[in-house]
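Below is the file protein_37.txt, which contains compact mmCIF, C-alpha atoms.
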# COMPACT_ATOMS: atom_id res chain seq x y z
CA MET A 1 65.98 28.13 54.20
CA LEU A 2 69.16 26.60 55.60
CA ALA A 3 69.26 25.70 59.28
CA MET A 4 72.08 26.93 61.50
CA GLU A 5 73.94 23.71 62.18
CA ALA A 6 76.91 23.16 64.51
CA ASP A 7 79.01 20.02 64.32
CA LEU A 8 79.65 18.64 67.82
CA GLY A 9 81.86 15.82 66.59
CA ALA A 10 81.32 12.09 66.38
CA ALA A 11 81.34 9.11 68.72
CA ARG A 12 80.97 5.35 68.50
CA LEU A 13 77.89 3.48 69.62
CA LYS A 14 78.31 0.36 71.71
CA THR A 15 77.62 -1.63 68.56
CA GLY A 16 80.34 0.17 66.61
CA GLU A 17 78.39 2.55 64.39
CA ALA A 18 79.58 6.15 64.07
CA LEU A 19 77.16 8.64 65.62
CA ARG A 20 77.45 12.16 64.22
CA LEU A 21 76.41 14.80 66.78
CA LEU A 22 74.84 18.09 65.72
CA ALA A 23 73.20 21.17 67.21
CA VAL A 24 70.43 22.58 64.99
CA GLU A 25 69.06 26.09 65.56
CA PRO A 26 65.69 27.10 64.09
CA PRO A 27 64.45 27.72 61.57
CA ALA A 28 65.29 24.07 61.11
CA GLY A 29 64.97 23.95 57.32
CA ALA A 30 65.67 20.46 55.99
CA TRP A 31 65.84 19.12 59.56
CA THR A 32 62.17 19.93 60.17
CA ALA A 33 60.74 16.75 58.64
CA PRO A 34 63.14 14.26 60.31
CA LEU A 35 62.72 15.93 63.70
CA ARG A 36 58.92 16.03 63.38
CA ARG A 37 59.10 12.33 62.51
CA LEU A 38 61.20 11.52 65.60
CA LEU A 39 58.82 13.47 67.83
CA GLY A 40 55.59 12.42 66.11
CA HIS A 41 54.45 10.47 69.18
CA LYS A 42 53.98 13.64 71.22
CA ALA A 43 50.50 14.89 72.17
CA PRO A 44 48.69 17.37 69.86
CA ALA A 45 49.45 20.41 72.03
CA ARG A 46 53.11 19.49 72.08
CA GLN A 47 53.09 19.08 68.29
CA VAL A 48 52.00 22.72 67.98
CA GLU A 49 54.78 23.75 70.36
CA ILE A 50 57.39 21.64 68.51
CA ALA A 51 56.35 23.12 65.16
CA GLY A 52 56.75 26.62 66.57
CA GLU A 53 60.14 25.81 68.07
CA LEU A 54 61.39 24.30 64.81
CA ALA A 55 60.20 27.37 62.90
CA GLY A 56 61.53 29.80 65.52
CA THR A 57 58.18 31.59 65.74
CA LEU A 58 57.29 31.36 69.47
CA ASP A 59 57.47 34.78 71.10
CA GLY A 60 60.87 35.21 72.71
CA LEU A 61 61.57 31.48 72.99
CA GLY A 62 64.85 30.17 71.65
CA ALA A 63 65.44 26.49 70.92
CA VAL A 64 68.33 24.22 70.05
CA PHE A 65 67.71 20.69 68.80
CA TYR A 66 70.51 18.21 69.43
CA VAL A 67 70.55 15.39 66.90
CA GLY A 68 72.45 12.12 66.63
CA VAL A 69 72.80 10.83 63.07
CA VAL A 70 73.85 7.37 61.84
CA GLY A 71 74.44 6.91 58.13
CA GLY A 72 72.51 10.07 57.28
CA GLU A 73 69.48 9.12 59.41
CA ALA A 74 68.50 11.04 62.55
CA VAL A 75 68.13 8.39 65.27
CA THR A 76 68.14 10.35 68.54
CA VAL A 77 67.13 13.86 69.57
CA ALA A 78 66.87 16.20 72.55
CA ARG A 79 66.15 19.89 72.72
CA VAL A 80 66.41 22.88 75.01
CA ALA A 81 63.87 25.70 74.82
CA GLY A 82 64.39 28.87 76.80
CA ALA A 83 65.79 32.37 77.01
CA HIS A 84 68.11 34.51 79.13
CA GLY A 85 70.06 31.58 80.55
CA ALA A 86 67.20 29.31 81.70
CA GLY A 87 65.87 26.45 79.66
CA ILE A 88 63.53 23.49 79.47
CA TRP A 89 65.29 20.22 78.66
CA GLY A 90 63.09 17.72 76.94
CA HIS A 91 61.78 15.98 73.82
CA VAL A 92 64.43 13.32 74.42
CA TYR A 93 63.80 10.38 72.12
CA THR A 94 65.70 7.57 70.43
CA GLU A 95 64.33 5.40 67.66
CA PRO A 96 63.45 1.96 69.11
CA ALA A 97 65.83 0.15 66.77
CA TRP A 98 68.74 2.23 68.12
CA ARG A 99 68.02 1.99 71.82
CA GLY A 100 70.42 0.29 74.20
CA ARG A 101 73.48 1.34 72.19
CA GLY A 102 74.38 4.47 74.17
CA ALA A 103 73.08 7.01 71.64
CA ALA A 104 71.12 9.14 74.14
CA ARG A 105 74.03 9.27 76.60
CA LEU A 106 76.48 10.33 73.89
CA LEU A 107 74.04 13.02 72.77
CA HIS A 108 73.67 14.37 76.30
CA GLU A 109 77.42 14.35 76.86
CA ALA A 110 77.88 16.51 73.75
CA ALA A 111 74.83 18.74 74.22
CA LEU A 112 75.15 19.88 77.83
CA PRO A 113 78.63 21.44 77.51
CA ASP A 114 77.43 23.14 74.32
CA LEU A 115 74.50 24.64 76.24
CA GLY A 116 76.96 26.06 78.76
CA ARG A 117 78.82 27.75 75.92
CA ARG A 118 75.49 29.18 74.75
CA GLY A 119 74.94 30.80 78.16
CA TYR A 120 72.41 28.44 79.73
CA ARG A 121 72.89 28.48 83.52
CA VAL A 122 69.88 26.52 84.74
CA LEU A 123 67.87 23.72 83.12
CA THR A 124 64.73 22.02 84.38
CA LEU A 125 62.96 18.88 83.23
CA GLY A 126 60.17 16.52 84.16
CA THR A 127 60.41 12.75 83.81
CA ASN A 128 58.87 9.57 85.15
CA PRO A 129 60.50 9.10 88.58
CA ARG A 130 60.45 5.34 88.00
CA GLY A 131 61.58 5.50 84.38
CA VAL A 132 64.91 4.48 82.91
CA ALA A 133 65.74 8.07 81.89
CA LEU A 134 66.11 9.20 85.51
CA ALA A 135 69.51 7.53 85.89
CA LEU A 136 70.73 9.05 82.61
CA TYR A 137 69.75 12.57 83.67
CA ALA A 138 71.33 12.12 87.09
CA SER A 139 74.57 10.93 85.50
CA VAL A 140 74.90 14.17 83.48
CA GLY A 141 74.30 16.53 86.39
CA PHE A 142 70.53 16.81 86.90
CA ARG A 143 69.32 16.43 90.47
CA PRO A 144 65.79 15.58 91.66
CA LEU A 145 64.02 18.22 93.70
CA ALA A 146 63.08 15.61 96.28
CA PRO A 147 63.46 11.86 96.75
CA GLY A 148 61.11 10.10 94.35
CA SER A 149 60.46 13.27 92.34
CA GLY A 150 60.54 13.34 88.55
CA ALA A 151 61.19 17.11 88.58
CA MET A 152 64.90 17.69 88.08
CA VAL A 153 67.21 20.68 87.80
CA ARG A 154 70.73 21.30 86.59
CA GLY A 155 72.49 24.47 87.62
CA PRO A 156 72.20 27.15 90.32
CA LEU A 157 68.48 27.19 90.99
CA GLU A 158 68.98 29.12 94.23
CA GLU A 159 70.35 32.27 92.55
CA ALA A 160 67.55 34.81 92.13
CA PRO A 161 67.76 36.88 88.94
CA CYS A 162 68.74 40.54 89.25
CA GLY A 163 67.26 43.52 87.45
CA VAL A 164 64.49 46.11 87.57
CA PRO A 165 61.14 44.47 88.46
CA SER A 166 58.22 44.75 86.06
CA VAL A 167 54.93 43.02 85.27
CA SER A 168 53.46 42.16 81.88
CA ALA A 169 51.59 39.38 80.08
CA VAL A 170 53.15 35.95 79.84
CA ARG A 171 55.04 35.03 76.68
CA TRP A 172 56.71 31.87 75.44
CA GLY A 173 60.14 33.22 76.30
CA ASP A 174 59.22 33.16 80.01
CA TRP A 175 59.00 29.36 80.12
CA GLY A 176 62.53 28.59 81.28
CA TRP A 177 62.54 31.07 84.16
CA ILE A 178 58.95 30.30 85.18
CA SER A 179 59.91 26.64 85.54
CA ALA A 180 63.04 27.60 87.48
CA ALA A 181 60.91 29.71 89.84
CA ALA A 182 58.43 26.87 90.26
CA CYS A 183 61.26 24.54 91.32
CA VAL A 184 62.55 26.74 94.18
CA ALA A 185 62.15 25.20 97.65
CA LEU A 186 59.07 26.00 99.73
CA GLY A 187 59.08 29.21 101.72
CA ASP A 188 58.05 29.32 105.37
CA GLY A 189 54.29 28.81 105.63
CA GLU A 190 53.83 28.86 101.85
CA PRO A 191 50.37 27.66 100.80
CA LEU A 192 49.99 25.02 98.11
CA PRO A 193 49.28 24.50 95.27
CA ARG A 194 51.65 27.00 93.71
CA SER A 195 49.45 27.34 90.66
CA ARG A 196 46.32 25.64 89.42
CA VAL A 197 46.54 27.23 86.00
CA LEU A 198 50.14 26.06 85.49
CA GLY A 199 49.62 22.71 87.20
CA VAL A 200 52.19 23.28 89.97
CA ALA A 201 51.02 21.47 93.10
CA ARG A 202 54.38 21.78 94.93
CA PRO A 203 57.92 22.74 93.91
CA GLY A 204 58.24 21.21 90.47
CA PHE A 205 58.69 21.42 86.73
CA VAL A 206 56.37 23.50 84.53
CA GLY A 207 55.67 21.56 81.34
CA ASN A 208 52.43 20.57 79.63
CA ALA A 209 50.29 22.99 81.61
CA PHE A 210 52.39 25.97 80.46
CA VAL A 211 52.12 24.92 76.82
CA GLU A 212 48.37 24.42 77.09
CA ALA A 213 47.89 27.76 78.88
CA LEU A 214 49.78 29.62 76.14
CA LEU A 215 47.89 27.85 73.36
CA ARG A 216 44.53 28.60 75.03
CA GLY A 217 45.48 32.23 75.54
CA THR A 218 44.99 31.92 79.32
CA PRO A 219 45.51 35.37 80.87
CA VAL A 220 48.62 35.12 83.04
CA LEU A 221 50.71 38.01 84.32
CA VAL A 222 54.42 37.54 84.94
CA LEU A 223 56.65 39.30 87.44
CA ARG A 224 60.15 39.76 86.06
CA ARG A 225 63.48 40.99 87.27
CA GLY A 226 65.07 42.31 84.13
CA PRO A 227 64.01 39.79 81.45
CA CYS A 228 63.76 36.85 83.89
CA ALA A 229 60.48 35.59 85.36
CA VAL A 230 60.41 35.31 89.16
CA GLY A 231 56.65 34.90 89.67
CA TRP A 232 53.24 34.83 88.06
CA ALA A 233 49.55 35.45 88.66
CA ALA A 234 46.51 34.06 86.88
CA ALA A 235 44.47 37.11 85.98
CA GLY A 236 41.10 37.09 87.74
CA ASP A 237 42.21 34.53 90.32
CA PRO A 238 44.00 36.27 93.22
CA ALA A 239 44.62 32.91 94.88
CA ASP A 240 46.72 31.77 91.90
CA LEU A 241 49.69 34.04 92.57
CA TYR A 242 53.25 32.93 93.26
CA VAL A 243 56.56 34.76 93.71
CA ARG A 244 59.90 33.17 94.53
CA PRO A 245 60.47 33.54 98.29
CA ASP A 246 63.77 35.35 97.66
CA CYS A 247 61.94 37.91 95.50
CA ALA A 248 59.12 38.57 97.98
CA ALA A 249 59.91 42.29 98.08
CA ASP A 250 58.59 42.56 94.52
CA ARG A 251 55.34 40.73 95.27
CA PRO A 252 53.21 43.90 95.76
CA LEU A 253 53.96 44.94 92.18
CA LEU A 254 52.37 41.73 90.92
CA SER A 255 49.52 41.83 93.44
CA ASP A 256 48.61 45.37 92.43
CA ALA A 257 48.74 44.52 88.73
CA CYS A 258 46.25 41.66 89.07
CA GLY A 259 44.09 43.35 91.72
CA ALA A 260 44.88 40.77 94.40
Step by step, read the file and then write its structure as structure tokens.
Amino acid sequence: MLAMEADLGAARLKTGEALRLLAVEPPAGAWTAPLRRLLGHKAPARQVEIAGELAGTLDGLGAVFYVGVVGGEAVTVARVAGAHGAGIWGHVYTEPAWRGRGAARLLHEAALPDLGRRGYRVLTLGTNPRGVALALYASVGFRPLAPGSGAMVRGPLEEAPCGVPSVSAVRWGDWGWISAAACVALGDGEPLPRSRVLGVARPGFVGNAFVEALLRGTPVLVLRRGPCAVGWAAAGDPADLYVRPDCAADRPLLSDACGA
């Protein structure tokens, strides 16, 4: 099966090589093997997630893989996974032999405007707050949630989604908006942690814990406005319930659904 592939142009690395820039939409077809190779260092749970994203088989979750190619070889990659305008930015990796030549920056500079054209309004990510990637992300519009934080956001985090509220079981397509909700600033008197099951101790990015919870089949209920998640509750644990402060009026719907 042929992948849906968009040409984002070409640029020159600092060392002079031409870097071809592409956006690949799943199912990734012939791109599956090179992208799995680039991301082969990821943990086992993330390998399952990556395989599902490349195949386009995770419930409601869309993905776009951005790829930089030199001489026919994929040397750098990043991807967004999300739905309904909110996404998770991650799986950023450059082959060691091609680092220090500007490949990742050129890829970001091509990818982020493309995501805007695809309707993504808010992106979240998690990175090492002392790592070299922090400066790159900041230079392309991501901002840390707090000084020294590795949780970063790009876009209007403060705008609550609109739509009819509802509650149902978590699905992969909720990831982008769940992470956006988890990054919203603390409400007055809000208890912490925000979620033990999702690993959210304070306002921050939802990453590995979400993937692991979905793969384990952890029972989580999600409060939505329209298709967008604005809160969650771990079934059977009334203390593990969180709703964005600006959506507090909908909290009883979630509380009633989980018996809290």
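Rounded to one decimal, CA of Ala160 in chain A and CA of Leu123 in chain A lie 14.3 Å from each other.
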Determine the axis-aligned bounding box of all atoms of range 51-62 of chain A present in the file, pad each side by 5 Å, and express its centre and edge lengths in Å to one decimal place as JSON.
{"center_x": 60.6, "center_y": 29.2, "center_z": 67.9, "size_x": 18.5, "size_y": 22.1, "size_z": 20.1}
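Proximity of A:Pro165, A:Leu21, A:Phe65, A:Arg12 to Arg36 in chain A, computed with only C-alpha atoms, is greatest for A:Phe65.
In this comparison, which uses only C-alpha atoms, the residue of A:Ala23, A:Leu134, A:Ala86, A:Ala185 approaching Met152 in chain A most closely is A:Leu134.
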request  = Record the distance separating CA of Leu136 in chain A and CA of Gly100 in chain A, expressed in Å with one decimal.
outcome  =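 Spanning CA of Leu136 in chain A to CA of Gly100 in chain A is a straight-line distance of 12.1 Å.
The closest residue to Leu58 in chain A, picked from A:Asp174, A:Asp246, A:Asp7, A:Asp240 and counting all atoms listed in the file, is A:Asp174.
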inquiry  = Using only C-alpha atoms, can you tell me which of A:Pro219, A:Gly90, A:Gly189, A:Pro156 comes closest to Ala235 in chain A?
reply    =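 Comparing A:Pro219, A:Gly90, A:Gly189, A:Pro156 against Ala235 in chain A, the winner is A:Pro219.
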inquiry  = With all atoms listed in the file as the counted atoms, please give the residues lying no more than 12 Å from Pro227 in chain A, apart from itself and same-chain residues fewer than 4 positions off, as an MDAnalysis selection string.
reply    = chainID A and resid 60 82:86 161:168 170:171 173:178 222:223
request  = Identify, on the basis of all atoms listed in the file, every residue whose closest approach to Pro193 in chain A does not exceed 7 Å; exclude the query and any residue fewer than 5 positions from it along the same chain; express the result as a list in words.
outcome  =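 Once the adjacent positions are removed, what remains is Val200, Ala201 and Arg202 of chain A.
Nearest residue to Glu25 in chain A, choosing from A:Ala257, A:Ala146, A:Ala6, A:Arg37 and counting all atoms listed in the file: A:Ala6.
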